[in-house]
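Okay, work.txt now, which holds compact mmCIF, C-alpha atoms:
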# COMPACT_ATOMS: atom_id res chain seq x y z
CA MET B 170 -32.46 22.23 175.28
CA HIS B 171 -34.24 23.07 178.47
CA TYR B 172 -35.68 20.22 180.38
CA SER B 173 -38.57 20.46 182.75
CA LYS B 174 -39.14 18.63 186.00
CA SER B 175 -41.77 16.41 184.41
CA HIS B 176 -39.26 15.37 181.75
CA ALA B 177 -36.80 14.37 184.44
CA THR B 178 -39.54 12.35 186.14
CA TRP B 179 -40.36 10.57 182.91
CA VAL B 180 -36.69 9.82 182.28
CA GLY B 181 -36.43 8.40 185.78
CA PHE B 182 -39.49 6.28 185.14
CA PHE B 183 -38.03 5.11 181.83
CA VAL B 184 -34.68 4.10 183.37
CA PHE B 185 -36.52 2.35 186.20
CA LEU B 186 -38.70 0.49 183.69
CA GLY B 187 -35.69 -0.55 181.62
CA ILE B 188 -33.69 -1.80 184.59
CA GLY B 189 -36.81 -3.52 185.93
CA ALA B 190 -37.17 -5.28 182.57
CA LEU B 191 -33.55 -6.43 182.76
CA PHE B 192 -34.17 -7.84 186.23
CA PHE B 193 -37.32 -9.54 184.97
CA LEU B 194 -35.35 -11.16 182.14
CA ALA B 195 -32.58 -12.27 184.47
CA LEU B 196 -34.79 -13.62 187.26
CA GLN B 197 -38.02 -14.77 185.64
CA VAL B 198 -36.94 -15.76 182.14
CA SER B 199 -33.51 -17.27 182.73
CA ASN B 200 -31.96 -19.48 185.36
CA LEU B 201 -30.30 -16.92 187.63
CA SER B 202 -32.82 -17.49 190.43
CA SER B 203 -32.42 -21.26 190.48
CA PHE B 204 -29.56 -23.06 192.16
CA ASP B 205 -26.20 -21.34 191.78
CA HIS B 206 -23.75 -23.78 190.22
CA GLY B 207 -20.74 -22.13 191.83
CA ASP B 208 -20.77 -24.08 195.09
CA GLY B 209 -21.77 -27.59 196.06
CA TYR B 210 -20.00 -30.88 196.44
CA ARG B 211 -18.76 -33.03 193.62
CA LEU B 212 -19.83 -36.57 192.75
CA VAL B 213 -18.62 -38.77 189.90
CA ALA B 214 -20.51 -41.42 187.98
CA ARG B 215 -19.29 -43.69 185.18
CA PHE B 216 -21.67 -44.73 182.42
CA GLU B 217 -21.39 -47.03 179.43
CA ASN B 218 -23.44 -44.58 177.40
CA ILE B 219 -24.70 -41.14 178.34
CA GLY B 220 -26.97 -40.63 175.34
CA GLY B 221 -27.83 -36.94 175.00
CA LEU B 222 -26.72 -35.82 178.47
CA LYS B 223 -25.10 -32.39 178.47
CA VAL B 224 -23.15 -30.18 180.84
CA ARG B 225 -25.70 -28.29 183.00
CA SER B 226 -28.28 -31.08 182.70
CA PRO B 227 -30.21 -31.48 185.96
CA VAL B 228 -29.49 -34.09 188.64
CA THR B 229 -32.65 -35.15 190.48
CA VAL B 230 -33.80 -37.29 193.38
CA SER B 231 -37.47 -38.31 193.31
CA GLY B 232 -37.94 -35.75 190.56
CA VAL B 233 -36.58 -32.82 192.58
CA ARG B 234 -33.52 -31.11 191.17
CA ILE B 235 -30.62 -31.12 193.65
CA GLY B 236 -27.71 -30.32 191.34
CA ARG B 237 -26.34 -30.10 187.84
CA VAL B 238 -23.89 -31.94 185.61
CA SER B 239 -20.66 -29.91 185.76
CA ALA B 240 -18.37 -31.85 183.42
CA ILE B 241 -18.47 -34.78 181.02
CA ASP B 242 -15.32 -36.63 180.03
CA TYR B 243 -14.36 -39.86 178.33
CA ASP B 244 -12.03 -42.36 180.00
CA LYS B 245 -9.94 -43.87 177.23
CA LYS B 246 -8.74 -46.78 179.40
CA THR B 247 -12.09 -48.15 180.52
CA TYR B 248 -14.01 -46.82 177.49
CA GLN B 249 -16.56 -45.22 179.77
CA ALA B 250 -18.11 -41.79 180.02
CA VAL B 251 -17.15 -39.98 183.23
CA VAL B 252 -19.84 -37.58 184.41
CA GLU B 253 -19.02 -35.11 187.13
CA MET B 254 -21.88 -33.39 188.93
CA LYS B 255 -22.19 -30.64 191.51
CA ILE B 256 -24.78 -31.26 194.21
CA ASN B 257 -26.32 -28.53 196.31
CA PRO B 258 -24.66 -28.75 199.79
CA THR B 259 -28.09 -28.73 201.46
CA TYR B 260 -28.66 -32.26 200.18
CA ASP B 261 -25.66 -33.99 201.78
CA THR B 262 -27.41 -37.13 203.02
CA LEU B 263 -27.26 -39.35 199.94
CA PRO B 264 -26.51 -42.95 201.07
CA ALA B 265 -23.22 -44.41 199.82
CA ASP B 266 -24.97 -47.08 197.75
CA THR B 267 -27.12 -44.60 195.84
CA SER B 268 -27.46 -45.54 192.17
CA ALA B 269 -27.45 -43.10 189.25
CA GLY B 270 -29.37 -43.53 186.02
CA ILE B 271 -29.87 -41.42 182.91
CA TYR B 272 -33.50 -40.80 182.02
CA THR B 273 -35.44 -38.68 179.57
CA SER B 274 -38.14 -36.26 180.66
CA GLY B 275 -41.07 -36.89 178.35
CA LEU B 276 -40.76 -38.54 174.97
CA LEU B 277 -38.59 -35.86 173.36
CA GLY B 278 -37.49 -33.91 176.43
CA GLU B 279 -34.01 -33.30 177.73
CA GLN B 280 -32.03 -36.02 179.49
CA TYR B 281 -31.21 -35.86 183.18
CA ILE B 282 -29.57 -37.93 185.90
CA GLY B 283 -31.96 -39.54 188.36
CA LEU B 284 -30.52 -40.72 191.68
CA GLU B 285 -32.10 -43.65 193.52
CA PRO B 286 -31.11 -43.57 197.24
CA GLY B 287 -29.96 -46.89 198.69
CA GLY B 288 -30.01 -48.09 202.30
CA ALA B 289 -26.41 -47.63 203.47
CA GLU B 290 -25.61 -45.92 206.75
CA GLU B 291 -22.78 -43.80 205.34
CA TYR B 292 -23.28 -40.81 203.09
CA LEU B 293 -21.59 -39.90 199.82
CA GLN B 294 -18.77 -37.40 200.31
CA ASN B 295 -17.18 -34.82 198.02
CA GLY B 296 -15.40 -36.60 195.14
CA ASP B 297 -17.04 -40.00 195.71
CA GLN B 298 -18.07 -42.24 192.87
CA PHE B 299 -21.41 -43.95 192.34
CA GLU B 300 -21.13 -47.74 192.53
CA TYR B 301 -24.24 -48.56 190.56
CA THR B 302 -25.10 -46.74 187.36
CA GLN B 303 -27.58 -47.29 184.60
CA SER B 304 -26.78 -46.01 181.11
CA ALA B 305 -29.09 -44.01 178.93
CA LEU B 306 -31.52 -45.97 176.84
CA VAL B 307 -30.74 -45.50 173.17
CA LEU B 308 -33.96 -45.62 171.18
CA GLU B 309 -32.40 -47.34 168.16
CA GLU B 310 -31.02 -50.16 170.32
CA ILE B 311 -34.38 -50.76 171.96
CA ILE B 312 -36.16 -50.82 168.61
CA GLY B 313 -33.49 -53.13 167.24
CA GLN B 314 -33.85 -55.55 170.17
CA PHE B 315 -37.60 -55.46 169.84
CA LEU B 316 -37.45 -56.28 166.13
CA PHE B 317 -35.01 -59.17 166.69
CA SER B 318 -37.10 -60.68 169.46
CA LYS B 319 -40.20 -60.30 167.30
CA ALA B 320 -38.41 -62.04 164.40
CA ASP B 321 -37.32 -64.88 166.70
CA GLU B 322 -40.86 -65.31 167.92
CA LEU B 323 -42.20 -65.45 164.36
CA LYS B 324 -39.55 -68.03 163.41
CA LYS B 325 -40.50 -70.18 166.39
CA THR B 326 -44.20 -70.07 165.61
CA ASP B 327 -43.43 -70.88 161.95
CA GLU B 328 -41.39 -73.91 163.02
CA ALA B 329 -44.17 -75.00 165.37
CA ASP B 330 -46.71 -74.68 162.55
CA SER B 331 -44.68 -76.69 160.07
CA GLN B 332 -44.17 -79.54 162.49
CA MET L 869 -15.59 2.35 129.38
CA ASN L 870 -13.37 4.96 130.93
CA GLY L 871 -16.47 6.54 132.42
CA ILE L 872 -17.50 3.35 134.20
CA PHE L 873 -14.13 3.04 135.88
CA ARG L 874 -14.17 6.66 136.89
CA PHE L 875 -17.66 6.27 138.33
CA LEU L 876 -16.60 3.17 140.25
CA GLY L 877 -13.46 4.84 141.54
CA GLU L 878 -15.31 7.95 142.61
CA THR L 879 -17.97 5.90 144.42
CA VAL L 880 -15.38 3.88 146.32
CA LEU L 881 -13.44 7.01 147.23
CA GLN L 882 -16.64 8.69 148.41
CA ILE L 883 -17.49 5.71 150.61
CA PHE L 884 -14.04 5.76 152.21
CA GLU L 885 -14.19 9.52 152.60
CA LYS L 886 -17.52 9.21 154.39
CA LEU L 887 -16.24 6.41 156.63
CA GLY L 888 -13.25 8.57 157.48
CA ARG L 889 -15.41 11.60 158.28
CA GLY L 890 -17.73 9.41 160.35
CA SER L 891 -14.85 7.96 162.38
CA TYR L 892 -13.34 11.41 162.96
CA PHE L 893 -16.79 12.63 163.99
CA LEU L 894 -17.05 9.74 166.47
CA VAL L 895 -13.75 10.75 168.05
CA LEU L 896 -14.97 14.36 168.34
CA MET L 897 -18.20 13.13 169.97
CA LEU L 898 -16.29 11.03 172.50
CA GLY L 899 -14.42 14.23 173.31
CA GLY L 900 -17.80 15.59 174.40
CA VAL L 901 -18.01 13.23 177.39
CA PRO L 902 -16.81 15.83 179.94
CA GLU L 903 -19.30 18.36 178.55
CA VAL L 904 -22.15 15.87 178.97
CA LEU L 905 -21.04 14.99 182.49
CA LYS L 906 -20.81 18.67 183.39
CA ARG L 907 -24.35 19.35 182.15
CA PRO L 908 -26.50 16.27 182.84
CA GLY L 909 -29.56 18.37 181.99
CA LEU L 910 -28.63 18.15 178.30
CA LEU L 911 -28.58 14.36 178.54
CA ILE L 912 -31.87 14.17 180.45
CA ALA L 913 -33.66 16.31 177.86
CA GLN L 914 -32.36 14.04 175.10
CA VAL L 915 -33.12 10.77 176.91
CA TYR L 916 -36.67 12.10 177.17
CA SER L 917 -37.06 12.81 173.47
CA VAL L 918 -35.08 9.78 172.26
CA GLY L 919 -35.98 7.15 174.86
CA VAL L 920 -39.15 8.02 176.75
CA LEU L 921 -41.12 8.98 173.67
CA THR L 922 -40.17 5.64 172.04
CA VAL L 923 -41.39 3.53 174.96
CA ALA L 924 -45.02 3.48 173.79
CA LEU L 925 -44.07 2.29 170.30
CA ILE L 926 -41.71 -0.35 171.72
CA THR L 927 -44.28 -1.60 174.24
CA ILE L 928 -47.08 -2.01 171.71
CA SER L 929 -44.83 -3.62 169.08
CA GLY L 930 -43.30 -5.94 171.67
CA LEU L 931 -46.72 -7.01 172.86
CA PHE L 932 -47.89 -7.89 169.37
CA VAL L 933 -44.65 -9.60 168.37
CA GLY L 934 -44.83 -11.73 171.52
CA MET L 935 -48.46 -12.58 170.90
CA VAL L 936 -47.79 -13.61 167.31
CA LEU L 937 -44.84 -15.74 168.48
CA GLY L 938 -47.10 -17.42 171.00
CA LEU L 939 -49.77 -18.13 168.41
CA GLN L 940 -47.45 -19.36 165.65
CA GLY L 941 -45.24 -21.30 168.04
CA TYR L 942 -48.24 -23.05 169.53
CA THR L 943 -49.55 -24.13 166.11
CA ILE L 944 -46.23 -25.71 165.17
CA LEU L 945 -45.23 -27.10 168.57
CA SER L 946 -48.62 -28.73 169.19
CA ASP L 947 -48.03 -30.83 166.05
CA PHE L 948 -45.19 -32.49 167.96
CA GLY L 949 -47.06 -32.52 171.24
CA ALA L 950 -44.43 -30.15 172.60
CA GLU L 951 -46.54 -27.07 173.39
CA GLN L 952 -44.96 -27.12 176.87
CA THR L 953 -41.80 -25.70 175.31
CA LEU L 954 -43.69 -22.68 173.98
CA GLY L 955 -42.14 -20.52 176.71
CA VAL L 956 -38.63 -21.51 175.63
CA MET L 957 -39.37 -20.69 172.00
CA VAL L 958 -40.97 -17.32 172.73
CA ALA L 959 -38.35 -16.21 175.27
CA ALA L 960 -35.31 -17.46 173.36
CA SER L 961 -36.32 -15.86 170.08
CA LEU L 962 -37.20 -12.58 171.81
CA VAL L 963 -34.16 -12.31 174.05
CA ARG L 964 -31.63 -13.48 171.49
CA GLU L 965 -32.89 -11.97 168.26
CA LEU L 966 -36.19 -10.14 168.01
CA GLY L 967 -35.79 -7.97 171.11
CA PRO L 968 -32.53 -6.29 170.08
CA VAL L 969 -33.15 -6.33 166.30
CA VAL L 970 -36.77 -5.21 166.06
CA SER L 971 -36.38 -2.57 168.74
CA ALA L 972 -33.26 -1.27 166.96
CA LEU L 973 -35.19 -1.04 163.68
CA LEU L 974 -38.09 0.73 165.40
CA PHE L 975 -35.63 2.97 167.21
CA ALA L 976 -33.99 3.91 163.91
CA GLY L 977 -37.37 4.77 162.43
CA ARG L 978 -38.74 6.64 165.42
CA ALA L 979 -35.74 8.27 167.11
CA GLY L 980 -32.90 8.02 164.57
CA SER L 981 -34.79 9.81 161.81
CA ALA L 982 -35.87 12.52 164.25
CA LEU L 983 -32.26 13.07 165.35
CA THR L 984 -31.08 13.38 161.75
CA ALA L 985 -33.87 15.77 160.80
CA GLU L 986 -33.31 17.90 163.89
CA ILE L 987 -29.55 18.23 163.49
CA GLY L 988 -29.87 18.58 159.71
CA LEU L 989 -32.39 21.38 160.07
CA MET L 990 -30.14 23.12 162.60
CA LYS L 991 -27.41 22.95 159.99
CA ALA L 992 -29.68 24.15 157.18
CA THR L 993 -30.86 27.13 159.23
CA GLU L 994 -27.24 27.86 160.23
CA GLN L 995 -27.86 27.39 163.93
CA LEU L 996 -24.78 25.19 164.13
CA SER L 997 -22.56 27.83 162.51
CA GLY L 998 -24.16 30.37 164.82
CA MET L 999 -23.06 28.36 167.83
CA GLU L 1000 -19.56 28.10 166.41
CA MET L 1001 -19.51 31.87 166.07
CA MET L 1002 -20.30 32.09 169.78
CA ALA L 1003 -17.39 29.73 170.50
CA VAL L 1004 -19.75 26.94 171.51
CA ASP L 1005 -18.73 23.61 169.99
CA PRO L 1006 -21.94 22.18 168.42
CA VAL L 1007 -20.51 18.66 168.38
CA LYS L 1008 -20.06 18.74 172.13
CA ARG L 1009 -23.16 20.76 172.94
CA ILE L 1010 -25.74 19.42 170.45
CA VAL L 1011 -24.52 16.11 169.07
CA ALA L 1012 -22.77 14.39 172.00
CA PRO L 1013 -25.78 14.48 174.39
CA ARG L 1014 -28.00 13.03 171.65
CA PHE L 1015 -25.50 10.30 170.88
CA PHE L 1016 -25.10 9.21 174.49
CA ALA L 1017 -28.84 9.45 175.10
CA GLY L 1018 -29.41 7.06 172.19
CA MET L 1019 -26.74 4.66 173.41
CA LEU L 1020 -28.23 4.68 176.90
CA SER L 1021 -31.83 4.27 175.76
CA MET L 1022 -31.38 1.42 173.29
CA PRO L 1023 -30.52 -1.42 175.73
CA LEU L 1024 -33.32 -0.32 178.06
CA LEU L 1025 -35.80 -0.24 175.17
CA ALA L 1026 -34.69 -3.69 173.99
CA ALA L 1027 -35.13 -5.07 177.51
CA VAL L 1028 -38.63 -3.59 177.73
CA PHE L 1029 -39.44 -5.05 174.31
CA SER L 1030 -38.31 -8.54 175.35
CA MET L 1031 -40.15 -8.38 178.67
CA ILE L 1032 -43.43 -7.22 177.15
CA GLY L 1033 -43.01 -9.78 174.36
CA VAL L 1034 -42.59 -12.64 176.83
CA LEU L 1035 -45.65 -11.44 178.75
CA GLY L 1036 -47.61 -11.20 175.48
CA GLY L 1037 -46.58 -14.72 174.52
CA HIS L 1038 -47.60 -15.85 177.99
CA GLY L 1039 -50.97 -14.16 177.63
CA VAL L 1040 -51.72 -15.90 174.33
CA GLY L 1041 -50.10 -19.26 175.16
CA VAL L 1042 -51.30 -19.70 178.73
CA GLY L 1043 -54.33 -17.43 178.77
CA MET L 1044 -55.93 -18.23 175.43
CA LEU L 1045 -54.49 -21.55 174.22
CA GLY L 1046 -54.26 -23.34 177.56
CA VAL L 1047 -50.55 -24.14 177.85
CA ASP L 1048 -49.67 -25.04 181.43
CA ASP L 1049 -48.51 -21.98 183.35
CA GLY L 1050 -45.85 -23.76 185.40
CA ALA L 1051 -44.38 -25.59 182.41
CA PHE L 1052 -44.26 -22.34 180.44
CA TRP L 1053 -42.03 -20.62 182.99
CA SER L 1054 -40.04 -23.59 184.30
CA GLN L 1055 -39.02 -24.86 180.86
CA MET L 1056 -38.05 -21.31 179.96
CA GLN L 1057 -35.94 -20.93 183.09
CA ALA L 1058 -34.33 -24.31 182.56
CA SER L 1059 -33.27 -23.59 178.97
CA LEU L 1060 -32.24 -19.93 179.02
CA ASP L 1061 -28.93 -18.96 180.53
CA VAL L 1062 -28.15 -15.55 182.01
CA ARG L 1063 -24.76 -15.22 180.37
CA GLU L 1064 -25.44 -17.11 177.14
CA ASP L 1065 -28.79 -15.56 176.30
CA ILE L 1066 -29.65 -12.49 178.36
CA LEU L 1067 -26.19 -10.93 178.46
CA ASN L 1068 -25.57 -11.60 174.77
CA GLY L 1069 -28.90 -9.97 173.96
CA ILE L 1070 -27.92 -6.90 175.97
CA ILE L 1071 -24.54 -6.75 174.24
CA LYS L 1072 -26.33 -6.87 170.90
CA SER L 1073 -28.65 -4.01 171.84
CA VAL L 1074 -25.72 -1.90 173.08
CA VAL L 1075 -23.93 -2.42 169.76
CA PHE L 1076 -27.09 -1.62 167.78
CA GLY L 1077 -27.75 1.49 169.86
CA PHE L 1078 -24.21 2.67 169.24
CA VAL L 1079 -24.38 2.09 165.49
CA VAL L 1080 -27.89 3.45 164.90
CA THR L 1081 -27.34 6.64 166.90
CA TRP L 1082 -23.94 7.18 165.37
CA ILE L 1083 -25.39 6.91 161.86
CA ALA L 1084 -28.30 9.19 162.79
CA VAL L 1085 -26.28 12.06 164.28
CA PHE L 1086 -23.55 11.79 161.67
CA GLU L 1087 -26.01 11.88 158.75
CA GLY L 1088 -27.64 14.93 160.29
CA TYR L 1089 -24.35 16.71 160.84
CA ASP L 1090 -22.97 15.71 157.44
CA CYS L 1091 -26.06 16.51 155.32
CA LEU L 1092 -26.29 19.06 152.56
CA ALA L 1093 -27.58 22.24 154.18
CA THR L 1094 -30.75 22.35 152.07
CA SER L 1095 -34.27 21.03 152.62
CA GLU L 1096 -33.62 18.33 150.03
CA GLY L 1097 -30.34 17.46 151.72
CA VAL L 1098 -32.10 17.03 155.07
CA SER L 1099 -34.77 14.79 153.57
CA ARG L 1100 -32.14 12.63 151.86
CA ALA L 1101 -30.10 12.39 155.03
CA THR L 1102 -33.18 11.26 156.98
CA THR L 1103 -33.89 8.54 154.43
CA ARG L 1104 -30.25 7.44 154.49
CA THR L 1105 -30.35 7.18 158.27
CA VAL L 1106 -33.25 4.73 158.23
CA VAL L 1107 -31.92 2.70 155.30
CA HIS L 1108 -28.31 2.49 156.49
CA SER L 1109 -29.37 1.79 160.08
CA ALA L 1110 -31.62 -1.08 159.04
CA PHE L 1111 -28.87 -2.48 156.85
CA ALA L 1112 -26.19 -2.11 159.52
CA VAL L 1113 -28.38 -3.64 162.23
CA LEU L 1114 -29.32 -6.70 160.18
CA ALA L 1115 -25.78 -7.30 158.92
CA LEU L 1116 -24.23 -6.79 162.37
CA ASP L 1117 -26.87 -9.07 163.87
CA PHE L 1118 -25.71 -11.91 161.66
CA LEU L 1119 -22.08 -11.29 162.60
CA LEU L 1120 -22.81 -11.05 166.32
CA THR L 1121 -25.03 -14.14 166.26
CA ALA L 1122 -22.32 -16.11 164.48
CA LEU L 1123 -19.76 -14.98 167.06
CA MET L 1124 -22.01 -15.56 170.10
CA PHE L 1125 -24.01 -18.65 169.28
CA GLY L 1126 -22.04 -20.25 166.43
CA ASP L 1127 -19.64 -23.09 167.18
CA PHE L 1128 -16.51 -21.60 165.77
So that I can check it, write out the structure of this file as structure tokens.
Amino acid sequence: MHYSKSHATWVGFFVFLGIGALFFLALQVSNLSSFDHGDGYRLVARFENIGGLKVRSPVTVSGVRIGRVSAIDYDKKTYQAVVEMKINPTYDTLPADTSAGIYTSGLLGEQYIGLEPGGAEEYLQNGDQFEYTQSALVLEEIIGQFLFSKADELKKTDEADSQ
Amino acid sequence: MNGIFRFLGETVLQIFEKLGRGSYFLVLMLGGVPEVLKRPGLLIAQVYSVGVLTVALITISGLFVGMVLGLQGYTILSDFGAEQTLGVMVAASLVRELGPVVSALLFAGRAGSALTAEIGLMKATEQLSGMEMMAVDPVKRIVAPRFFAGMLSMPLLAAVFSMIGVLGGHGVGVGMLGVDDGAFWSQMQASLDVREDILNGIIKSVVFGFVVTWIAVFEGYDCLATSEGVSRATTRTVVHSAFAVLALDFLLTALMFGDF
């Protein structure tokens, strides 16, 4: 029932430790410390195929993350995927003819949008759309193309042999 | 035949009776909030015995659980050449599941059983009735501080468990097995979300703390006032707590991370 001063000190230490652990989890383990997705300007890109891109996937230039994908929608008129991304306002000097492509980090890693800056004088503004985009590579399609081209090659060499 | 039905009926009625008494007891305990606020010393003494004394157990268990996760995760992930994602695996499983669940189970074993035994023994030695005779409400004076101390300690203990576990996994993965330090943290930070993962883990531990402490103090207060009654109540606390935590964990996981 009675508590001593040392008990109070230990309780204070315990609460401090617990709250410190919560801060550690929030800052070191999760993404609170990295770029806040609340602000930033908006850019839109249209892709034929976005593969495994997700909301919150990173947007990078030369491998450095400058923003995140904020929304993904499907345009039923043009049959294209519409990807909306929020870019950190510090990086507001993307040329107007910048192209956007969907790449994969590593063989099995997550997919991200890589931006390739162009040479235009003007910069992309809030709400602008990318002119040039490159869709995600779908592994099955590549393998399929490879097999077909291989089969064609074999057929040609067979024909050449029989002649 | 008649006997079977009577047995079944009596069992069901007993369960409902106990649930009813437990809920009424919870309301009485919540009525003890002003008493606890008026005498913070009661709460501090209980946070010491319920929380501080459990920290050592939580720290050591968390360290070993994290280390085992690091070791097992590395063995499996390196088969796919994906040992870079070890940090994600260790942190996600600790923050989402193992942190709240294992620390709640340890808490039930270490602190919950002690609470039941303490309150049960007070009842068996008629200390509680003695307090009532002196017009001191034992629910407000004895039980409520213990209940709130447990509820306060549990999320903090779960956070400590997760933190130490992540550090343990880091020690094994990066220190012993040679996973890249930067990839360990950056992949973890990229995949774990504050609201989705950390906050949901905290919510889980708050719920578990509530349930485990509630069971513990209620079993103590409700036990038969004999030495055998106290021992049975203590056993029931651990068994029911473990059961409630694991069942609730499934429900909460389905609600938080399921797609429905």
As a list in words, please: the residues near segment 912-915 of chain L (cut-off 6 Å, only C-alpha atoms, same-chain neighbours under 3 positions excluded).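 Everything that qualifies: Tyr172 of chain B; Gly909, Val918, Gly919, Arg1014 and Ala1017 of chain L.
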Using all atoms listed in the file, which protein or nucleic acid residues come within 9 Å of Ala992 of chain L? Drop anything in the same chain fewer than 6 positions from it, and give the result as a ChimeraX atom specification. /L:1091-1095,1097-1098
Counting all atoms listed in the file, which residues sit no farther than 6 Å from the position (-34.4, -15.0, 180.1) in the file's frame? I'd like them as a VMD selection string. (chain B and resid 194 to 195 198 to 199) or (chain L and resid 1060 1066)
Using only C-alpha atoms, please write the residues we just selected to a file, as a tab-separated table (two decimals), keeping the file's coordinate frame.
chain	number	residue	atom	x	y	z
B	194	LEU	CA	-35.35	-11.16	182.14
B	195	ALA	CA	-32.58	-12.27	184.47
B	198	VAL	CA	-36.94	-15.76	182.14
B	199	SER	CA	-33.51	-17.27	182.73
L	1060	LEU	CA	-32.24	-19.93	179.02
L	1066	ILE	CA	-29.65	-12.49	178.36
Between B:Val224, B:Ile256, B:Leu191, B:Ala177, which has the minimum distance to Gly209 of chain B (counting all atoms listed in the file)?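 Counting all atoms listed in the file, the residue closest to Gly209 of chain B is B:Ile256.
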What does the distance from atom CA of Val936 of chain L to atom CA of Gly980 of chain L come to in Å, to one decimal? 26.4 Å
Would you pick out the contacts of Leu954 of chain L at 7 Å or less, using all atoms listed in the file, so that residues sharing its chain but fewer than 6 positions from it are not included, and give the list as an MDAnalysis selection string? chainID L and resid 938 941:942 1052
Residues around (-27.0, -30.0, 187.3), cut-off 10 Å, counting all atoms listed in the file - what are they as an mmCIF file with C-alpha atoms, in the coordinates of the input?
data_model
loop_
_atom_site.group_PDB
_atom_site.id
_atom_site.type_symbol
_atom_site.label_atom_id
_atom_site.label_comp_id
_atom_site.auth_asym_id
_atom_site.auth_seq_id
_atom_site.Cartn_x
_atom_site.Cartn_y
_atom_site.Cartn_z
ATOM 1 C CA PHE B 204 -29.560 -23.060 192.160
ATOM 2 C CA ASP B 205 -26.200 -21.340 191.780
ATOM 3 C CA HIS B 206 -23.750 -23.780 190.220
ATOM 4 C CA LYS B 223 -25.100 -32.390 178.470
ATOM 5 C CA VAL B 224 -23.150 -30.180 180.840
ATOM 6 C CA ARG B 225 -25.700 -28.290 183.000
ATOM 7 C CA SER B 226 -28.280 -31.080 182.700
ATOM 8 C CA PRO B 227 -30.210 -31.480 185.960
ATOM 9 C CA VAL B 228 -29.490 -34.090 188.640
ATOM 10 C CA THR B 229 -32.650 -35.150 190.480
ATOM 11 C CA ARG B 234 -33.520 -31.110 191.170
ATOM 12 C CA ILE B 235 -30.620 -31.120 193.650
ATOM 13 C CA GLY B 236 -27.710 -30.320 191.340
ATOM 14 C CA ARG B 237 -26.340 -30.100 187.840
ATOM 15 C CA VAL B 238 -23.890 -31.940 185.610
ATOM 16 C CA SER B 239 -20.660 -29.910 185.760
ATOM 17 C CA ALA B 240 -18.370 -31.850 183.420
ATOM 18 C CA GLU B 253 -19.020 -35.110 187.130
ATOM 19 C CA MET B 254 -21.880 -33.390 188.930
ATOM 20 C CA LYS B 255 -22.190 -30.640 191.510
ATOM 21 C CA ILE B 256 -24.780 -31.260 194.210
ATOM 22 C CA ASN B 257 -26.320 -28.530 196.310
ATOM 23 C CA TYR B 281 -31.210 -35.860 183.180
ATOM 24 C CA ILE B 282 -29.570 -37.930 185.900
#
Could you name the residues that touch Arg964 of chain L at 8 Å or less, counting all atoms listed in the file, but leaving out those on the same chain fewer than 6 positions away, as JSON, numbers by chain? {"L": [1065, 1066, 1068, 1069]}
From the set L:Gly1041, L:Gly888, L:Gly949, L:Gly877, which residue has the shortest atom-to-atom contact distance to chain B, counting all atoms listed in the file? L:Gly949
Which residues, written as number ranges by chain, have at least one atom at most 12 Å from segment 993-1002 of chain L, with only C-alpha atoms counted and residues fewer than 3 positions away on the same chain left out? L: 985-990, 1005-1011, 1088-1090, 1092-1095, 1098
Taking into account all atoms listed in the file, which residue in the set L:Gly1018, L:Gly955, L:Gly1036, L:Gly1077 is nearest to Val920 of chain L?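 Among the listed residues, L:Gly1018 lies closest to Val920 of chain L.
As for atom CA of Gly1039 of chain L and atom CA of Gly977 of chain L, they are spaced 27.8 Å apart.
The residue that comes closest to chain B, out of L:Ala924, L:Ala1084, L:Val1047, L:Met935 and on the basis of only C-alpha atoms, is L:Ala924.
The closest residue to Val895 of chain L, picked from L:Val1004, L:Val958, L:Ala979, L:Ala1012 and counting only C-alpha atoms, is L:Ala1012.
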Between L:Gly1046, L:Gly900, L:Gly1033, L:Gly871, which residue has the minimum interatomic distance to chain B, considering all atoms listed in the file? L:Gly1033
Between atom CA of Thr927 of chain L and atom CA of Phe183 of chain B lies a distance of 11.9 Å
Distance limit 9 Å, atoms considered: only C-alpha atoms. Which chain L residues sit that close to chain B? Return them as a VMD selection string. chain L and resid 909 to 910 912 to 917 919 to 920 923 950 955 to 956 959 963 1010 1021 1023 to 1032 1034 1053 to 1054 1056 to 1062 1065 to 1067 1070
